[in-house]
Amino acid sequence: MAGAILFGLLSGLAATVRAVAAPLAALSLFFWLAAGVRPARALARAAVSCAVAFVVLLPWGVRNLHRYGEFFLTDSHGGHTALVGANPDTDGVYSRSLNLLFWKGTGYKLFDEPHRASDRAAYQLAAAWARFEPAYAAGLVVAKADRLLSSERPLLYWPIYRQGVLTGAPRTWFDARRAPIEALVEAFWYALVALTAGGVVLALARRRWAALSVLVFPLALTALYTTFFSEVRYHLAIVVFLFPFAGAALVALTAPHDDHGGRRAWRPLIAAAAVVALIFTIWPALVAAGARLRDRHRWAVAVCQLDGHSRLCAWKSAQPPPGQGRSPVHGVWNGLGLTLPADVSSVAAAMDVALPAGTYRLSATADTAPAREQPAVRLRLSTGAQPITVGEWPAQTAADGAPSVQPLSGRLEHPGGNLHVDAIVERVPATARPRCQRRCGSLIWR
């Protein structure tokens with residue numbers, strides 16, 4: 001029972017630093033079962049660990065009750081973290097444009113008062129984004145796993161290479177040796193992964209279930225981080241669980257004897273080597289498959305104005321349909337981006353919005369991304385039952401060659417219900433092209 005109390009104490013203390021550690025107390029059940037404790041007693045010990053963790057976190061819960069009028073044991077920005085990780089405009093990476101999206105779409109600002117209401121709104125929005133295009137959300141999980149586990153090199157940014165951390169001679173020294181330092185760090189990480197995989201295989205071969213039960217903790221942390229949001233520095237909490245397996249593999253490599261008779265046990269080592277080779281083959285293929293999934297189902301969120309009020313509009317590829325080709329849709333900080341590849345004649349994005357019956361004005365602003373020798377294109381906005389063309393591109397560019405901005409506007413009669421809007425970018429036939437100055441081409445629609 002002392003072990004259960006100690007485990008609960010450590011889990012509670014860890015949860016005061018990172019809320020993701022809160023479930024770890026309950027996962028101690030797997031260790032007690034693997035250690036041969038009868039199920040009823042194992043469940044009782046896990047319950048004790050949870051109770052001790054609760055007592056450790058109780059002052060934080062009381063503080064939250066006094067601060068927010070609500071008792072809870074975690075922090076009040078988990079929803080914001082989930083929203084960053086679900087952002088389709090950045091592949092789940094933080095950007096300042098998300099602050100504007102969240103504020104315009106919900107009326108709340110990230111990490112500002114009221115914290116609890118803002119956090120709930122962020123959770124709801126993150127869940128809605130994941131439901132909007134599940135295939136993209138699945139690919140995003142792979143991207144977050146890639147950022148969490150594929151490389152150790154980005155860890156050097158915060159303590160060394162971030163601007164202002166080191167100056168003068170120390171910074172000069174590290175800058176001059178950056179390439180070999182990064183190579184050493186990467187080699188250490190890959191060696192640790194290989195040794196860990198080998199240690200797990202050896203533990204399986206020797207039926208060391210108590211040791212294997214430790215795996216539930218790094219697996220649980222990995223699942224939480226890849227579901228919500230991940231950065232490479234988050235894997236520091238995972239790495240500590242890998243060292244025992246890596247150490248066991250090193251011992252087996254230096255003295256590969258079995259436990260009965262001292263003969264060399266090559267079979268587990270060969271199996272471990274095969275598993276390591278499989279991991280280093282499958283992981284890059286999985287990361288590449290996730291990238292392809294995101295590319296084929298990419299969508300974007302942009303701020304729209306409806307009756308003078310801001311709302312978030314979700315745009316997905318309409319031409320080609322999701323999953324049937326590379327999506328031309330991508331997020332930009334102030335609107336929607338559409339890319340027209342050289343080998344296709346048109347692309348389109350679509351969004352739906354529920355509106356009452358009436359007469360509406362549909363307006364937008366088009367702009368070209370700076371590029372050279374882009375083809376002439378036209379932007380059309382179609383409302384499905386009543387297609388309208390609200391503008392054409394290209395327009396005249398400014399004297400300095402910078403892309404000009406084209407306002408687009410048109411009226412439509414809507415019978416009520418769902419309004420389907422397509423933004424179509426198509427290549428202008430050579431005979432119909434107006435004179436184009438130095439730049440014209442793919443569009444950004446706002």
# chains A, B, ... in the order shown; residues from 1 in each chain; ligands from 1
call {"tool": "residues_around", "arguments": {"residues": "segment 6-11 of chain A", "least_positions_apart": "3", "cutoff": "8 Å", "atoms": "only C-alpha atoms", "output": "ChimeraX atom specification"}}
result
/A:2-3,14-15,21-22,24-25,28,48-53,56
call {"tool": "write_last_selection", "arguments": {"atoms": "C-alpha atoms", "output": "mmCIF file, in the first residue's frame"}}
result
data_model
loop_
_atom_site.group_PDB
_atom_site.id
_atom_site.type_symbol
_atom_site.label_atom_id
_atom_site.label_comp_id
_atom_site.auth_asym_id
_atom_site.auth_seq_id
_atom_site.Cartn_x
_atom_site.Cartn_y
_atom_site.Cartn_z
ATOM 1 C CA ALA A 2 2.952 2.329 0.602
ATOM 2 C CA GLY A 3 3.784 2.044 -3.087
ATOM 3 C CA ALA A 14 3.301 15.941 -11.691
ATOM 4 C CA ALA A 15 -0.247 17.091 -12.480
ATOM 5 C CA ALA A 21 -0.257 13.699 -15.762
ATOM 6 C CA ALA A 22 -3.584 13.574 -13.911
ATOM 7 C CA LEU A 24 -1.465 8.499 -14.684
ATOM 8 C CA ALA A 25 -2.559 7.640 -11.138
ATOM 9 C CA SER A 28 -1.059 2.273 -11.950
ATOM 10 C CA VAL A 48 -5.656 4.736 -3.274
ATOM 11 C CA SER A 49 -3.245 6.321 -5.769
ATOM 12 C CA CYS A 50 -6.099 8.313 -7.289
ATOM 13 C CA ALA A 51 -7.276 9.422 -3.837
ATOM 14 C CA VAL A 52 -3.795 10.592 -2.841
ATOM 15 C CA ALA A 53 -3.392 12.464 -6.146
ATOM 16 C CA VAL A 56 -2.472 16.708 -3.521
#
call {"tool": "residues_around", "arguments": {"residues": "segment 90-92 of chain A", "least_positions_apart": "6", "cutoff": "8 Å", "atoms": "only C-alpha atoms", "output": "list in words"}}
result
Val84, Leu140, Ala143, Lys144, Phe229 and Gly331 of chain A
call {"tool": "select_by_dssp", "arguments": {"residues": "segment 146-234 of chain A", "states": "alpha helix (DSSP H)", "output": "number ranges by chain"}}
result
A: 146-149, 168-176, 178-205, 209-212, 216-227
call {"tool": "closest_residue", "arguments": {"among": "A:Asp352, A:Glu413, A:Glu70, A:Asp89", "to": "Val332 of chain A", "atoms": "only C-alpha atoms"}}
result
A:Asp89
call {"tool": "residues_around", "arguments": {"residues": "Thr81 of chain A", "least_positions_apart": "2", "cutoff": "9 Å", "atoms": "only C-alpha atoms", "output": "PyMOL selection string"}}
result
chain A and resi 77-79+83-86+122-123+228-229
call {"tool": "residues_around", "arguments": {"residues": "segment 281-288 of chain A", "least_positions_apart": "5", "cutoff": "12 Å", "atoms": "only C-alpha atoms", "output": "list in words"}}
result
Ala138, Gly139, Leu140, Val141, Val142, Ala143, Lys144, Ala145, Asp146, Arg147, Leu148, Leu149, Ser150, Ser151, Val193, Ala274, Val275, Val276, Leu293, Arg294 and Asp295 of chain A
call {"tool": "write_last_selection", "arguments": {"atoms": "N, CA and C atoms", "output": "compact mmCIF listing (two decimals), in the first residue's frame"}}
result
# COMPACT_ATOMS: atom_id res chain seq x y z
N ALA A 138 -7.38 13.14 -38.89
CA ALA A 138 -6.53 11.95 -38.71
C ALA A 138 -5.11 12.23 -39.19
N GLY A 139 -4.99 12.89 -40.34
CA GLY A 139 -3.66 13.25 -40.82
C GLY A 139 -2.97 14.22 -39.89
N LEU A 140 -3.74 15.07 -39.22
CA LEU A 140 -3.16 16.04 -38.28
C LEU A 140 -2.61 15.34 -37.05
N VAL A 141 -3.24 14.25 -36.62
CA VAL A 141 -2.71 13.46 -35.51
C VAL A 141 -1.32 12.93 -35.86
N VAL A 142 -1.15 12.48 -37.09
CA VAL A 142 0.16 11.98 -37.53
C VAL A 142 1.18 13.11 -37.53
N ALA A 143 0.76 14.30 -37.97
CA ALA A 143 1.69 15.44 -37.97
C ALA A 143 2.13 15.78 -36.55
N LYS A 144 1.21 15.73 -35.60
CA LYS A 144 1.57 16.03 -34.21
C LYS A 144 2.46 14.94 -33.63
N ALA A 145 2.22 13.70 -34.01
CA ALA A 145 3.12 12.62 -33.58
C ALA A 145 4.51 12.79 -34.16
N ASP A 146 4.57 13.24 -35.40
CA ASP A 146 5.85 13.50 -36.06
C ASP A 146 6.62 14.58 -35.32
N ARG A 147 5.95 15.69 -34.98
CA ARG A 147 6.62 16.77 -34.24
C ARG A 147 7.05 16.32 -32.86
N LEU A 148 6.30 15.42 -32.27
CA LEU A 148 6.60 14.97 -30.91
C LEU A 148 7.76 14.00 -30.86
N LEU A 149 7.87 13.11 -31.85
CA LEU A 149 8.75 11.96 -31.71
C LEU A 149 9.81 11.80 -32.79
N SER A 150 9.74 12.52 -33.89
CA SER A 150 10.64 12.21 -35.00
C SER A 150 12.03 12.77 -34.86
N SER A 151 12.20 13.87 -34.15
CA SER A 151 13.49 14.55 -34.15
C SER A 151 13.76 15.19 -32.80
N VAL A 193 15.81 5.44 -29.32
CA VAL A 193 14.61 4.78 -29.85
C VAL A 193 14.90 3.33 -30.20
N ALA A 274 15.16 -7.00 -35.75
CA ALA A 274 14.13 -6.97 -36.80
C ALA A 274 13.06 -5.93 -36.48
N VAL A 275 12.65 -5.85 -35.21
CA VAL A 275 11.64 -4.87 -34.81
C VAL A 275 12.17 -3.46 -34.98
N VAL A 276 13.42 -3.22 -34.61
CA VAL A 276 14.02 -1.89 -34.78
C VAL A 276 14.03 -1.50 -36.25
N LEU A 293 -2.52 12.48 -46.67
CA LEU A 293 -3.91 12.59 -46.22
C LEU A 293 -4.30 14.04 -45.97
N ARG A 294 -3.41 14.79 -45.35
CA ARG A 294 -3.70 16.21 -45.12
C ARG A 294 -3.76 16.98 -46.43
N ASP A 295 -2.85 16.69 -47.34
CA ASP A 295 -2.83 17.40 -48.62
C ASP A 295 -4.11 17.16 -49.43
call {"tool": "atom_distance", "arguments": {"atom1": "atom CA of Asp367 of chain A", "atom2": "atom CA of Val425 of chain A"}}
result
12.0 Å
